[in-house]
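Report on one structure; see the data block that follows.
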2 protein chains.
Amino acid sequence: MEENKKISSAVIRRLPRYYRYLGELIESGVQRISSKDLSVRMKVTASQIRQDLNNFGGFGQQGYGYNVKYLYDEIGKILGIDRKHNMIIIGAGNLGRAIVNYTDFEKRGFVICGVFDNNPELKGESIHGIDIMMMDQLADFIHKNDIEIVALTIPKQAAKEIGKQVADAGIKAIWNFAHTDLNLPDDVIVENVHLSESLMRLSYTIANKHS
Amino acid sequence: MEENKKISSAVIRRLPRYYRYLGELIESGVQRISSKDLSVRMKVTASQIRQDLNNFGGFGQQGYGYNVKYLYDEIGKILGIDRKHNMIIIGAGNLGRAIVNYTDFEKRGFVICGVFDNNPELKGESIHGIDIMMMDQLADFIHKNDIEIVALTIPKQAAKEIGKQVADAGIKAIWNFAHTDLNLPDDVIVENVHLSESLMRLSYTIANKHS
């Protein structure tokens with residue numbers, strides 16, 4: 001199998017879900033699982049599972065099923081979560097706080113190093129032990145703390161300008177919750193979480209359920 | 001064109017983005033736009049735009065471009081946001097509060113009618129003018145207020161049980177933020193927002209950027 005072959009984005013979208021299910025299997029003490037049993041749990045076909053995992057060289061031994069822990073670790077490596085990523089949050093509102101308080105991210109290697117806001121009243125406060133800092137400290141903090149990912153939990157009006165500021169500070173990976181596209185240079189990766197769009201997909205499905 | 005033809009999920013995923021861009025055009029006073037100009041703004045090809053919108057009968061007049069307001073309204077109808085959807089939030093933590101405070105949802109017709117939690121200390125509190133109620137009031141509130149959508153902003157440990165409770169109360173549409181699949185009957189629509197998976201896709205892209 002070719003090393004750096006291009007994997008379809010549909011497969012990549014599914015990998016974190018495999019990772020989650022395998023993690024749950026480990027927690028319940030399951031050591032091996034067949035693609036058939038995994039397919040029943042995940043409600044996808046066994047052939048899809050085999051096809052998806054074949055993208056990475058398989059991992060399965062015919063007749064013996066998958067070694068759960070091995071597969072979990074290998075997918076972790078593929079997802080790049082076998083190493084730590086330093087992250088900061090810009091926007092200390094409810095959404096920013098929710099992310100800081102969600103300890104699962106840290107378990108997966110995403111280390112939240114700081115929270116930034118432009119509201120001077122928040123200066124000196126901390127969330128879950130993490131200091132809230134002002135925006136004038138941002139570029140310096142990014143450089144000194146080897147920050148790799150910036151989460152933007154700010155209103156869309158501010159997002160384009162702050163996205164630019166973050167990119168200028170050398171950040172190449174942005175997790176964007178603001179409901180707008182950031183229009184940054186191509187070498188800056190932006191993963192968008194547009195909650196309004198998710199809610200509209202839900203209402204689309206409601207509206208078209210019986211058609 | 002066939003009325004109820006099956007539209008691919010890839011097109012449906014893109015519709016809310018069209019809706020957002022058209023809304024921004026309306027705000028800037030643009031009345032007509034060609035697929036070419038729209039494609040430049042949205043960074044997709046003009047032919048994709050034409051193909052996507054053809055799924056719904058087109059809307060474009062050759063040589064004149066699209067009527068922005070008409071297209072916006074039609075996509076709104078397709079997305080089912082031309083009418084109100086009553087919604088409640090279960091989980092009055094930071095994430096639940098972020099959703100309640102995000103006024104854009106209401107603008108799109110998603111009316112948040114109540115927030116529920118199992119923490120008795122929150123009883124009688126309100127968020128953005130919306131009362132926090134206890135879980136023993138849930139089923140009754142759902143029936144009396146014609147609730148259509150339930151957002152679950154609760155830890156995954158509680159989500160399966162509460163998802164079942166919500167489905168038993170007659171809810172057919174769940175917006176699930178808990179990082180687990182709910183395993184509900186097929187007639188219950190679940191739109192998942194799994195933030196961990198989004199973050200893992202970002203780290204995948206970082207890890208595979210130079211390969």
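Letters for chains follow the order of the structure tokens (A, B, ...), residue numbers begin at 1 for each chain, and ligand numbers begin at 1 in the order shown.
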For this session: Tell me which protein, DNA and RNA residues are within 7 Å of region 158-168 of chain B, counting only C-alpha atoms, leaving out same-chain ones fewer than 4 positions away, and put them as a PyMOL selection string.
Result: chain B and resi 154+172+178+182+184
Keeping C-alpha atoms for every residue in the selection just given, could you write it to a file as a PDB file, in the first residue's frame?
```
ATOM      1  CA  ILE B 154     -25.391  17.349  28.845  1.00  0.00           C
ATOM      2  CA  LYS B 172     -38.906  13.541  16.960  1.00  0.00           C
ATOM      3  CA  ALA B 178     -23.277  14.866  24.010  1.00  0.00           C
ATOM      4  CA  LEU B 182     -28.186   8.062  21.247  1.00  0.00           C
ATOM      5  CA  LEU B 184     -33.151   5.961  19.465  1.00  0.00           C
TER       6      LEU B 184
END
```
For this session: Check every residue of chain A for an atom within 9 Å of chain B, counting only C-alpha atoms, and provide those that qualify as a ChimeraX atom specification.
Result: /A:4-5,12-17,20-21,42,77-81,85,93-99,101,104-105,108,110,149,172-175,179-181,187,189-193,195-209,211
For this session: Extract, using only C-alpha atoms, all DNA, RNA and protein residues at most 10 Å from Gln48 (chain A), discarding same-chain residues fewer than 6 positions from it, and format them as a list of chain:residue names.
Result: A:Val11, A:Ser35, A:Ser39, A:Asn54
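The two atoms in question, CA of Ile7 (chain B) and CA of Thr45 (chain A), are spaced 22.1 Å apart.
In this structure, CA of Leu22 (chain A) sits 15.8 Å away from CA of Lys156 (chain B).
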Exercise. Mind checking DSSP for region 152-196 of chain A and telling me the alpha helix (DSSP H) residues as a ChimeraX atom specification?
Worked result: /A:156-168,195-196
Mind checking DSSP for region 11-72 of chain A and telling me the strand (DSSP E or B) residues as a PDB file with all heavy atoms, in the first residue's frame?
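File written: selection.pdb
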```pdb
ATOM      1  N   ARG A  32     -10.772  -7.903  21.388  1.00  0.00           N
ATOM      2  CA  ARG A  32     -10.835  -8.155  19.940  1.00  0.00           C
ATOM      3  C   ARG A  32     -12.277  -7.968  19.487  1.00  0.00           C
ATOM      4  O   ARG A  32     -13.215  -8.263  20.236  1.00  0.00           O
ATOM      5  CB  ARG A  32     -10.411  -9.589  19.597  1.00  0.00           C
ATOM      6  CG  ARG A  32      -9.007  -9.946  20.007  1.00  0.00           C
ATOM      7  CD  ARG A  32      -8.524 -11.188  19.244  1.00  0.00           C
ATOM      8  NE  ARG A  32      -8.158 -10.851  17.887  1.00  0.00           N
ATOM      9  CZ  ARG A  32      -6.965 -10.370  17.533  1.00  0.00           C
ATOM     10  NH1 ARG A  32      -6.016 -10.191  18.423  1.00  0.00           N
ATOM     11  NH2 ARG A  32      -6.718 -10.061  16.271  1.00  0.00           N
ATOM     12  N   ILE A  33     -12.441  -7.527  18.239  1.00  0.00           N
ATOM     13  CA  ILE A  33     -13.803  -7.410  17.712  1.00  0.00           C
ATOM     14  C   ILE A  33     -13.777  -7.667  16.200  1.00  0.00           C
ATOM     15  O   ILE A  33     -12.842  -7.258  15.498  1.00  0.00           O
ATOM     16  CB  ILE A  33     -14.441  -6.040  18.049  1.00  0.00           C
ATOM     17  CG1 ILE A  33     -15.955  -6.070  17.757  1.00  0.00           C
ATOM     18  CG2 ILE A  33     -13.750  -4.888  17.299  1.00  0.00           C
ATOM     19  CD1 ILE A  33     -16.743  -4.982  18.458  1.00  0.00           C
ATOM     20  N   GLY A  60      -6.703  -5.776  10.347  1.00  0.00           N
ATOM     21  CA  GLY A  60      -7.474  -6.960  10.734  1.00  0.00           C
ATOM     22  C   GLY A  60      -6.760  -8.217  10.289  1.00  0.00           C
ATOM     23  O   GLY A  60      -6.103  -8.238   9.252  1.00  0.00           O
ATOM     24  N   GLN A  61      -6.873  -9.294  11.081  1.00  0.00           N
ATOM     25  CA  GLN A  61      -6.386 -10.580  10.602  1.00  0.00           C
ATOM     26  C   GLN A  61      -7.605 -11.438  10.298  1.00  0.00           C
ATOM     27  O   GLN A  61      -8.490 -11.590  11.156  1.00  0.00           O
ATOM     28  CB  GLN A  61      -5.516 -11.257  11.669  1.00  0.00           C
ATOM     29  CG  GLN A  61      -4.192 -10.542  11.878  1.00  0.00           C
ATOM     30  CD  GLN A  61      -3.831 -10.464  13.347  1.00  0.00           C
ATOM     31  OE1 GLN A  61      -4.423  -9.669  14.098  1.00  0.00           O
ATOM     32  NE2 GLN A  61      -2.896 -11.292  13.768  1.00  0.00           N
ATOM     33  N   GLY A  65     -10.580 -11.034  13.682  1.00  0.00           N
ATOM     34  CA  GLY A  65     -11.101  -9.719  14.019  1.00  0.00           C
ATOM     35  C   GLY A  65      -9.967  -8.730  14.272  1.00  0.00           C
ATOM     36  O   GLY A  65      -8.799  -9.009  14.019  1.00  0.00           O
ATOM     37  N   TYR A  66     -10.355  -7.571  14.778  1.00  0.00           N
ATOM     38  CA  TYR A  66      -9.391  -6.506  15.021  1.00  0.00           C
ATOM     39  C   TYR A  66      -8.917  -6.525  16.472  1.00  0.00           C
ATOM     40  O   TYR A  66      -9.717  -6.755  17.387  1.00  0.00           O
ATOM     41  CB  TYR A  66     -10.034  -5.138  14.735  1.00  0.00           C
ATOM     42  CG  TYR A  66     -10.433  -4.957  13.293  1.00  0.00           C
ATOM     43  CD1 TYR A  66     -11.765  -5.040  12.906  1.00  0.00           C
ATOM     44  CD2 TYR A  66      -9.475  -4.699  12.315  1.00  0.00           C
ATOM     45  CE1 TYR A  66     -12.143  -4.867  11.581  1.00  0.00           C
ATOM     46  CE2 TYR A  66      -9.842  -4.529  10.987  1.00  0.00           C
ATOM     47  CZ  TYR A  66     -11.173  -4.615  10.626  1.00  0.00           C
ATOM     48  OH  TYR A  66     -11.529  -4.453   9.321  1.00  0.00           O
ATOM     49  N   ASN A  67      -7.652  -6.232  16.651  1.00  0.00           N
ATOM     50  CA  ASN A  67      -7.124  -5.993  17.994  1.00  0.00           C
ATOM     51  C   ASN A  67      -7.527  -4.559  18.369  1.00  0.00           C
ATOM     52  O   ASN A  67      -7.039  -3.593  17.777  1.00  0.00           O
ATOM     53  CB  ASN A  67      -5.600  -6.149  17.971  1.00  0.00           C
ATOM     54  CG  ASN A  67      -4.974  -5.835  19.316  1.00  0.00           C
ATOM     55  OD1 ASN A  67      -5.403  -4.930  20.024  1.00  0.00           O
ATOM     56  ND2 ASN A  67      -3.940  -6.589  19.666  1.00  0.00           N
TER      57      ASN A  67
END
```
